[in-house]
file start-v3.pdb (PDB, C-alpha atoms, pLDDT in the B column)
ATOM      1  CA  MET A 179      27.344   4.844  -2.681  1.00 39.00           C
ATOM      2  CA  PHE A 180      24.687   2.119  -2.946  1.00 53.00           C
ATOM      3  CA  ASP A 181      21.457   3.589  -4.313  1.00 81.00           C
ATOM      4  CA  ILE A 182      18.546   1.524  -3.023  1.00 84.00           C
ATOM      5  CA  VAL A 183      15.995   3.679  -4.862  1.00 87.00           C
ATOM      6  CA  TYR A 184      17.637   3.014  -8.241  1.00 90.00           C
ATOM      7  CA  LEU A 185      17.795  -0.712  -7.466  1.00 90.00           C
ATOM      8  CA  LEU A 186      14.111  -0.760  -6.523  1.00 91.00           C
ATOM      9  CA  GLU A 187      13.239   1.152  -9.693  1.00 93.00           C
ATOM     10  CA  MET A 188      15.017  -1.469 -11.777  1.00 93.00           C
ATOM     11  CA  ILE A 189      13.285  -4.316  -9.923  1.00 94.00           C
ATOM     12  CA  GLY A 190       9.886  -2.677 -10.409  1.00 94.00           C
ATOM     13  CA  ILE A 191      10.489  -2.010 -14.082  1.00 96.00           C
ATOM     14  CA  ILE A 192      11.620  -5.584 -14.747  1.00 95.00           C
ATOM     15  CA  ALA A 193       8.681  -7.012 -12.790  1.00 94.00           C
ATOM     16  CA  PHE A 194       6.045  -4.887 -14.525  1.00 95.00           C
ATOM     17  CA  ALA A 195       7.628  -5.396 -17.958  1.00 96.00           C
ATOM     18  CA  ILE A 196       7.576  -9.170 -17.461  1.00 93.00           C
ATOM     19  CA  SER A 197       3.915  -9.069 -16.386  1.00 93.00           C
ATOM     20  CA  GLY A 198       3.070  -7.186 -19.566  1.00 94.00           C
ATOM     21  CA  MET A 199       5.093  -9.488 -21.795  1.00 94.00           C
ATOM     22  CA  ILE A 200       3.479 -12.604 -20.335  1.00 91.00           C
ATOM     23  CA  VAL A 201       0.059 -11.220 -21.244  1.00 91.00           C
ATOM     24  CA  ALA A 202       1.280 -10.106 -24.694  1.00 93.00           C
ATOM     25  CA  ARG A 203       2.594 -13.589 -25.467  1.00 89.00           C
ATOM     26  CA  ALA A 204      -0.651 -15.137 -24.231  1.00 88.00           C
ATOM     27  CA  LYS A 205      -2.442 -12.850 -26.713  1.00 91.00           C
ATOM     28  CA  ASN A 206      -0.109 -14.124 -29.478  1.00 90.00           C
ATOM     29  CA  MET A 207       1.447 -10.699 -30.179  1.00 93.00           C
ATOM     30  CA  ASP A 208       4.507 -10.230 -32.372  1.00 94.00           C
ATOM     31  CA  PRO A 209       7.836  -8.862 -30.995  1.00 94.00           C
ATOM     32  CA  VAL A 210       6.725  -5.254 -31.489  1.00 96.00           C
ATOM     33  CA  GLY A 211       3.576  -5.945 -29.501  1.00 96.00           C
ATOM     34  CA  VAL A 212       5.532  -7.710 -26.750  1.00 96.00           C
ATOM     35  CA  PHE A 213       7.878  -4.727 -26.413  1.00 97.00           C
ATOM     36  CA  THR A 214       5.044  -2.206 -26.543  1.00 97.00           C
ATOM     37  CA  ILE A 215       2.955  -3.891 -23.852  1.00 97.00           C
ATOM     38  CA  GLY A 216       6.010  -4.474 -21.672  1.00 97.00           C
ATOM     39  CA  PHE A 217       7.118  -0.852 -22.041  1.00 98.00           C
ATOM     40  CA  ILE A 218       3.698   0.626 -21.353  1.00 97.00           C
ATOM     41  CA  THR A 219       3.192  -1.585 -18.317  1.00 97.00           C
ATOM     42  CA  ALA A 220       6.576  -0.697 -16.852  1.00 97.00           C
ATOM     43  CA  MET A 221       6.654   3.008 -17.724  1.00 97.00           C
ATOM     44  CA  GLY A 222       3.001   4.071 -17.882  1.00 97.00           C
ATOM     45  CA  GLY A 223       2.523   4.841 -14.198  1.00 96.00           C
ATOM     46  CA  GLY A 224       5.808   6.693 -13.820  1.00 96.00           C
ATOM     47  CA  THR A 225       5.159   8.749 -16.940  1.00 97.00           C
ATOM     48  CA  LEU A 226       1.712   9.793 -15.688  1.00 96.00           C
ATOM     49  CA  ARG A 227       3.238  10.715 -12.315  1.00 96.00           C
ATOM     50  CA  ASP A 228       5.969  12.824 -13.912  1.00 96.00           C
ATOM     51  CA  LEU A 229       3.493  14.635 -16.164  1.00 96.00           C
ATOM     52  CA  ILE A 230       1.187  15.444 -13.237  1.00 95.00           C
ATOM     53  CA  LEU A 231       4.106  16.663 -11.113  1.00 94.00           C
ATOM     54  CA  ASP A 232       5.649  18.550 -14.050  1.00 93.00           C
ATOM     55  CA  ASN A 233       8.808  16.529 -13.419  1.00 91.00           C
ATOM     56  CA  HIS A 234      10.741  16.747 -16.701  1.00 91.00           C
ATOM     57  CA  PRO A 235      12.243  14.987 -18.515  1.00 94.00           C
ATOM     58  CA  VAL A 236      10.129  11.982 -17.609  1.00 95.00           C
ATOM     59  CA  TYR A 237      11.857   9.032 -15.969  1.00 94.00           C
ATOM     60  CA  TRP A 238      12.488   6.814 -18.983  1.00 95.00           C
ATOM     61  CA  ILE A 239      14.027   9.693 -20.948  1.00 96.00           C
ATOM     62  CA  GLN A 240      16.390  10.447 -18.057  1.00 95.00           C
ATOM     63  CA  HIS A 241      17.292   6.766 -17.756  1.00 95.00           C
ATOM     64  CA  GLN A 242      17.560   5.401 -21.288  1.00 94.00           C
ATOM     65  CA  GLU A 243      19.056   2.177 -19.931  1.00 95.00           C
ATOM     66  CA  MET A 244      15.586   1.193 -18.728  1.00 96.00           C
ATOM     67  CA  PRO A 245      13.901   1.161 -22.180  1.00 97.00           C
ATOM     68  CA  LEU A 246      16.959  -0.718 -23.469  1.00 97.00           C
ATOM     69  CA  LEU A 247      16.519  -3.284 -20.697  1.00 96.00           C
ATOM     70  CA  ILE A 248      12.858  -3.693 -21.652  1.00 97.00           C
ATOM     71  CA  LEU A 249      13.883  -4.131 -25.289  1.00 97.00           C
ATOM     72  CA  LEU A 250      16.293  -6.935 -24.346  1.00 96.00           C
ATOM     73  CA  LEU A 251      13.595  -8.608 -22.239  1.00 95.00           C
ATOM     74  CA  SER A 252      11.140  -8.359 -25.133  1.00 95.00           C
ATOM     75  CA  VAL A 253      13.607 -10.160 -27.430  1.00 94.00           C
ATOM     76  CA  VAL A 254      13.894 -12.986 -24.895  1.00 92.00           C
ATOM     77  CA  PHE A 255      10.124 -13.212 -24.471  1.00 90.00           C
ATOM     78  CA  SER A 256       9.551 -13.158 -28.226  1.00 89.00           C
ATOM     79  CA  TYR A 257      12.059 -15.792 -29.286  1.00 88.00           C
ATOM     80  CA  TRP A 258      12.561 -18.103 -26.287  1.00 82.00           C
ATOM     81  CA  ASN A 259      10.122 -20.958 -26.810  1.00 77.00           C
ATOM     82  CA  ARG A 260       9.852 -21.895 -23.128  1.00 73.00           C
ATOM     83  CA  VAL A 261       8.108 -18.576 -22.462  1.00 70.00           C
ATOM     84  CA  ASP A 262       5.025 -20.052 -24.151  1.00 66.00           C
ATOM     85  CA  ARG A 263       4.626 -22.329 -21.130  1.00 68.00           C
ATOM     86  CA  ILE A 264       4.020 -19.358 -18.854  1.00 68.00           C
ATOM     87  CA  ARG A 265       0.290 -18.877 -18.419  1.00 68.00           C
ATOM     88  CA  ALA A 266      -1.226 -15.389 -18.210  1.00 60.00           C
ATOM     89  CA  ALA A 267      -2.327 -16.167 -14.649  1.00 64.00           C
ATOM     90  CA  ARG A 268       1.358 -16.134 -13.685  1.00 77.00           C
ATOM     91  CA  ILE A 269       1.454 -12.341 -13.915  1.00 85.00           C
ATOM     92  CA  VAL A 270       0.239 -12.121 -10.294  1.00 91.00           C
ATOM     93  CA  ILE A 271       3.704 -12.229  -8.696  1.00 92.00           C
ATOM     94  CA  PRO A 272       5.573  -9.809 -11.012  1.00 94.00           C
ATOM     95  CA  ASP A 273       2.535  -7.528 -11.090  1.00 94.00           C
ATOM     96  CA  ALA A 274       2.375  -7.486  -7.275  1.00 95.00           C
ATOM     97  CA  ILE A 275       6.084  -6.666  -7.053  1.00 95.00           C
ATOM     98  CA  GLY A 276       5.705  -3.842  -9.573  1.00 95.00           C
ATOM     99  CA  LEU A 277       2.653  -2.519  -7.743  1.00 96.00           C
ATOM    100  CA  GLY A 278       4.568  -2.419  -4.467  1.00 96.00           C
ATOM    101  CA  VAL A 279       7.711  -0.799  -5.829  1.00 96.00           C
ATOM    102  CA  PHE A 280       6.050   1.891  -7.916  1.00 97.00           C
ATOM    103  CA  SER A 281       3.399   2.779  -5.354  1.00 97.00           C
ATOM    104  CA  ILE A 282       6.018   3.515  -2.704  1.00 97.00           C
ATOM    105  CA  LEU A 283       8.504   5.230  -5.020  1.00 96.00           C
ATOM    106  CA  GLY A 284       5.736   7.354  -6.534  1.00 96.00           C
ATOM    107  CA  ALA A 285       4.644   8.461  -3.089  1.00 97.00           C
ATOM    108  CA  GLN A 286       8.233   9.221  -2.085  1.00 95.00           C
ATOM    109  CA  LEU A 287       8.837  11.410  -5.135  1.00 95.00           C
ATOM    110  CA  ALA A 288       5.700  13.403  -4.343  1.00 95.00           C
ATOM    111  CA  LEU A 289       6.959  13.910  -0.780  1.00 96.00           C
ATOM    112  CA  ASP A 290      10.361  14.985  -2.079  1.00 94.00           C
ATOM    113  CA  LEU A 291       8.641  17.656  -4.170  1.00 93.00           C
ATOM    114  CA  GLY A 292       6.857  19.024  -1.106  1.00 94.00           C
ATOM    115  CA  HIS A 293       3.347  17.629  -1.512  1.00 96.00           C
ATOM    116  CA  SER A 294       1.079  16.556   1.351  1.00 97.00           C
ATOM    117  CA  LEU A 295       0.802  12.979   2.576  1.00 97.00           C
ATOM    118  CA  PHE A 296      -2.657  12.550   1.042  1.00 97.00           C
ATOM    119  CA  ILE A 297      -1.563  13.805  -2.385  1.00 97.00           C
ATOM    120  CA  ALA A 298       1.581  11.680  -2.153  1.00 97.00           C
ATOM    121  CA  ALA A 299      -0.546   8.593  -1.416  1.00 98.00           C
ATOM    122  CA  LEU A 300      -2.817   9.293  -4.393  1.00 97.00           C
ATOM    123  CA  LEU A 301       0.178   9.760  -6.686  1.00 97.00           C
ATOM    124  CA  GLY A 302       1.654   6.556  -5.319  1.00 97.00           C
ATOM    125  CA  VAL A 303      -1.525   4.701  -6.258  1.00 97.00           C
ATOM    126  CA  MET A 304      -1.504   6.249  -9.742  1.00 97.00           C
ATOM    127  CA  THR A 305       2.129   5.319 -10.261  1.00 97.00           C
ATOM    128  CA  GLY A 306       1.554   1.757  -9.114  1.00 96.00           C
ATOM    129  CA  THR A 307      -1.661   1.034 -10.989  1.00 96.00           C
ATOM    130  CA  PHE A 308      -1.730   3.019 -14.237  1.00 96.00           C
ATOM    131  CA  GLY A 309       0.751   0.865 -16.158  1.00 95.00           C
ATOM    132  CA  GLY A 310      -1.181  -2.294 -15.340  1.00 93.00           C
ATOM    133  CA  ALA A 311      -4.448  -0.608 -16.307  1.00 95.00           C
ATOM    134  CA  LEU A 312      -2.967   0.315 -19.697  1.00 96.00           C
ATOM    135  CA  ARG A 313      -1.678  -3.242 -20.138  1.00 95.00           C
ATOM    136  CA  ASP A 314      -5.082  -4.768 -19.453  1.00 94.00           C
ATOM    137  CA  THR A 315      -6.937  -2.243 -21.625  1.00 95.00           C
ATOM    138  CA  MET A 316      -4.624  -2.741 -24.621  1.00 95.00           C
ATOM    139  CA  CYS A 317      -4.906  -6.521 -24.205  1.00 93.00           C
ATOM    140  CA  ASN A 318      -8.722  -6.320 -24.202  1.00 92.00           C
ATOM    141  CA  GLU A 319      -9.081  -7.189 -20.523  1.00 90.00           C
ATOM    142  CA  VAL A 320     -10.985  -5.380 -17.770  1.00 87.00           C
ATOM    143  CA  PRO A 321      -8.260  -3.548 -15.772  1.00 89.00           C
ATOM    144  CA  GLN A 322      -7.654  -5.205 -12.422  1.00 85.00           C
ATOM    145  CA  ILE A 323      -8.063  -1.860 -10.680  1.00 86.00           C
ATOM    146  CA  PHE A 324     -11.739  -1.777 -11.771  1.00 85.00           C
ATOM    147  CA  ARG A 325     -12.680  -5.404 -11.157  1.00 82.00           C
ATOM    148  CA  LYS A 326     -15.023  -6.329  -8.297  1.00 77.00           C
ATOM    149  CA  ASP A 327     -13.194  -9.611  -7.773  1.00 74.00           C
ATOM    150  CA  GLN A 328      -9.869  -7.864  -7.093  1.00 79.00           C
ATOM    151  CA  ILE A 329      -8.420  -5.592  -4.410  1.00 89.00           C
ATOM    152  CA  TYR A 330      -5.688  -3.588  -6.031  1.00 92.00           C
ATOM    153  CA  ALA A 331      -5.672   0.197  -5.631  1.00 93.00           C
ATOM    154  CA  SER A 332      -6.806  -0.039  -2.004  1.00 94.00           C
ATOM    155  CA  ILE A 333      -3.768  -2.199  -1.160  1.00 95.00           C
ATOM    156  CA  SER A 334      -1.522   0.387  -2.788  1.00 97.00           C
ATOM    157  CA  PHE A 335      -3.190   3.226  -0.871  1.00 97.00           C
ATOM    158  CA  VAL A 336      -2.878   1.483   2.509  1.00 97.00           C
ATOM    159  CA  GLY A 337       0.730   0.528   1.738  1.00 97.00           C
ATOM    160  CA  CYS A 338       1.619   4.154   1.051  1.00 98.00           C
ATOM    161  CA  TRP A 339       0.254   5.200   4.441  1.00 98.00           C
ATOM    162  CA  LEU A 340       2.147   2.352   6.110  1.00 98.00           C
ATOM    163  CA  TYR A 341       5.284   3.718   4.455  1.00 98.00           C
ATOM    164  CA  PHE A 342       4.590   7.218   5.819  1.00 97.00           C
ATOM    165  CA  LEU A 343       4.039   5.788   9.303  1.00 98.00           C
ATOM    166  CA  CYS A 344       7.300   3.837   9.154  1.00 97.00           C
ATOM    167  CA  LEU A 345       9.159   6.948   7.989  1.00 96.00           C
ATOM    168  CA  TRP A 346       7.826   8.821  11.012  1.00 96.00           C
ATOM    169  CA  LEU A 347       8.489   6.042  13.511  1.00 96.00           C
ATOM    170  CA  LEU A 348      11.799   4.700  12.215  1.00 95.00           C
ATOM    171  CA  ASP A 349      13.308   7.737  10.487  1.00 92.00           C
ATOM    172  CA  ASN A 350      14.975   5.348   8.037  1.00 93.00           C
ATOM    173  CA  GLN A 351      14.026   5.584   4.390  1.00 91.00           C
ATOM    174  CA  ALA A 352      15.524   2.285   3.234  1.00 90.00           C
ATOM    175  CA  ILE A 353      13.763   0.213   5.892  1.00 93.00           C
ATOM    176  CA  SER A 354      10.498   2.129   5.425  1.00 95.00           C
ATOM    177  CA  LEU A 355      10.615   1.628   1.641  1.00 94.00           C
ATOM    178  CA  THR A 356      11.171  -2.087   2.107  1.00 93.00           C
ATOM    179  CA  ILE A 357       8.341  -2.478   4.620  1.00 96.00           C
ATOM    180  CA  GLY A 358       5.891  -0.546   2.442  1.00 97.00           C
ATOM    181  CA  LEU A 359       6.578  -2.339  -0.823  1.00 95.00           C
ATOM    182  CA  VAL A 360       6.762  -5.804   0.770  1.00 96.00           C
ATOM    183  CA  PHE A 361       3.417  -5.177   2.469  1.00 97.00           C
ATOM    184  CA  ILE A 362       1.768  -4.221  -0.837  1.00 97.00           C
ATOM    185  CA  ALA A 363       3.274  -7.121  -2.794  1.00 97.00           C
ATOM    186  CA  VAL A 364       2.518  -9.773  -0.161  1.00 96.00           C
ATOM    187  CA  VAL A 365      -1.035  -8.599   0.550  1.00 96.00           C
ATOM    188  CA  ARG A 366      -1.776  -8.455  -3.186  1.00 94.00           C
ATOM    189  CA  ILE A 367      -0.520 -12.015  -3.699  1.00 94.00           C
ATOM    190  CA  LEU A 368      -2.464 -13.279  -0.675  1.00 94.00           C
ATOM    191  CA  ALA A 369      -5.613 -11.485  -1.838  1.00 92.00           C
ATOM    192  CA  VAL A 370      -5.464 -13.329  -5.147  1.00 90.00           C
ATOM    193  CA  ARG A 371      -4.503 -16.628  -3.524  1.00 88.00           C
ATOM    194  CA  PHE A 372      -7.343 -16.580  -0.984  1.00 88.00           C
ATOM    195  CA  ASP A 373      -9.893 -14.656  -3.080  1.00 82.00           C
ATOM    196  CA  ILE A 374     -10.055 -11.685  -0.718  1.00 82.00           C
ATOM    197  CA  ARG A 375     -12.116  -8.813  -2.105  1.00 80.00           C
ATOM    198  CA  LEU A 376     -13.847  -5.633  -0.956  1.00 72.00           C
ATOM    199  CA  GLN A 377     -17.252  -6.562  -2.335  1.00 68.00           C
ATOM    200  CA  ARG A 378     -18.959  -9.813  -3.136  1.00 63.00           C
ATOM    201  CA  ASP A 379     -22.040 -10.408  -5.217  1.00 60.00           C
ATOM    202  CA  ALA A 380     -25.202 -10.926  -3.219  1.00 55.00           C
ATOM    203  CA  SER A 381     -26.099 -14.572  -2.673  1.00 55.00           C
ATOM    204  CA  PRO A 382     -29.136 -15.707  -4.648  1.00 53.00           C
ATOM    205  CA  HIS A 383     -32.229 -16.343  -2.528  1.00 50.00           C
TER     206      HIS A 383
END
call {"tool": "encode", "arguments": {"input": "start-v3.pdb", "output": "structure tokens"}}
result
Amino acid sequence: MFDIVYLLEMIGIIAFAISGMIVARAKNMDPVGVFTIGFITAMGGGTLRDLILDNHPVYWIQHQEMPLLILLLSVVFSYWNRVDRIRAARIVIPDAIGLGVFSILGAQLALDLGHSLFIAALLGVMTGTFGGALRDTMCNEVPQIFRKDQIYASISFVGCWLYFLCLWLLDNQAISLTIGLVFIAVVRILAVRFDIRLQRDASPH
């Protein structure tokens, strides 16, 4: 039977790993650094979620094919010269995709384990944002989740509630998952493209 959740997990992992590797290459890291940043970006949020929920073994230990996939990607990013042409600013699209996928899947896992909608939304935000925060911190950047010129966690939070609403209205998990993650990814990309933010600096008088 086709497993849409597993497919989405793979898409999210690849997207987040690529976002981390782009930044690692921009910081001139060696292959070990490229793998490490890619792995932490892709697996950090899910690992935090599993530890909080006492869901053992954590995801990447259950699915060893995912770390192997990240390792293969890191080899490509380390030794394929054309990767150097990718600017760090290009992480917006893969990062937005990863944010959408992991926010919704994190929230769904919390629901599956019997937690309330509010707790599920918070865990969705943690799952979607923690890997990127680790990536930015380890690459000596201010994490996007904490920057005034970005809307990040709030998009994830709203997207999780949209997912819950769709589940209630449509009673179809696959469609609801798709709507939730597409909303988060698209709004995140548009927010960066059109400089939409929650707070702006006061204009000088």
call {"tool": "closest_atom_pairs", "arguments": {"input": "start-v3.pdb", "of": "region 264-317 of chain A", "to": "region 221-242 of chain A", "cutoff": "6 Å", "atoms": "all atoms listed in the file", "output": "Markdown table"}}
result
| residue | atom | partner | partner_atom | distance |
| --- | --- | --- | --- | --- |
| A:Thr305 | CA | A:Gly223 | CA | 4.0 |
| A:Phe308 | CA | A:Gly223 | CA | 4.6 |
| A:Gly309 | CA | A:Gly222 | CA | 4.3 |
call {"tool": "residues_around", "arguments": {"input": "start-v3.pdb", "residues": "region 180-192 of chain A", "least_positions_apart": "4", "cutoff": "6 Å", "atoms": "all atoms listed in the file", "output": "list in words"}}
result
Ala220, Gly276 and Val279 of chain A
call {"tool": "atom_distance", "arguments": {"input": "start-v3.pdb", "atom1": "CA of Ser281 (chain A)", "atom2": "CA of Ser354 (chain A)"}}
result
12.9 Å
call {"tool": "residues_near_point", "arguments": {"input": "start-v3.pdb", "point": "(-2.5, -3.9, -12.8)", "cutoff": "7 Å", "atoms": "only C-alpha atoms", "output": "PyMOL selection string"}}
result
chain A and resi 273+307+309-311+321-323
call {"tool": "resolve_selection", "arguments": {"input": "start-v3.pdb", "expression": "the PyMOL selection byres ((chain A and resi 249-254) around 9)", "output": "number ranges by chain"}}
result
A: 192, 195-196, 199, 209-210, 212-214, 216-217, 244-248, 255-258, 261
call {"tool": "resolve_selection", "arguments": {"input": "start-v3.pdb", "expression": "the PyMOL selection byres ((chain A and resi 338-347) around 9)", "output": "ChimeraX atom specification"}}
result
/A:281-282,285-286,295-296,298-300,302-303,333-337,348-351,353-359,361-362
call {"tool": "atom_distance", "arguments": {"input": "start-v3.pdb", "atom1": "CA of Arg260 (chain A)", "atom2": "CA of Asp314 (chain A)"}}
result
23.0 Å
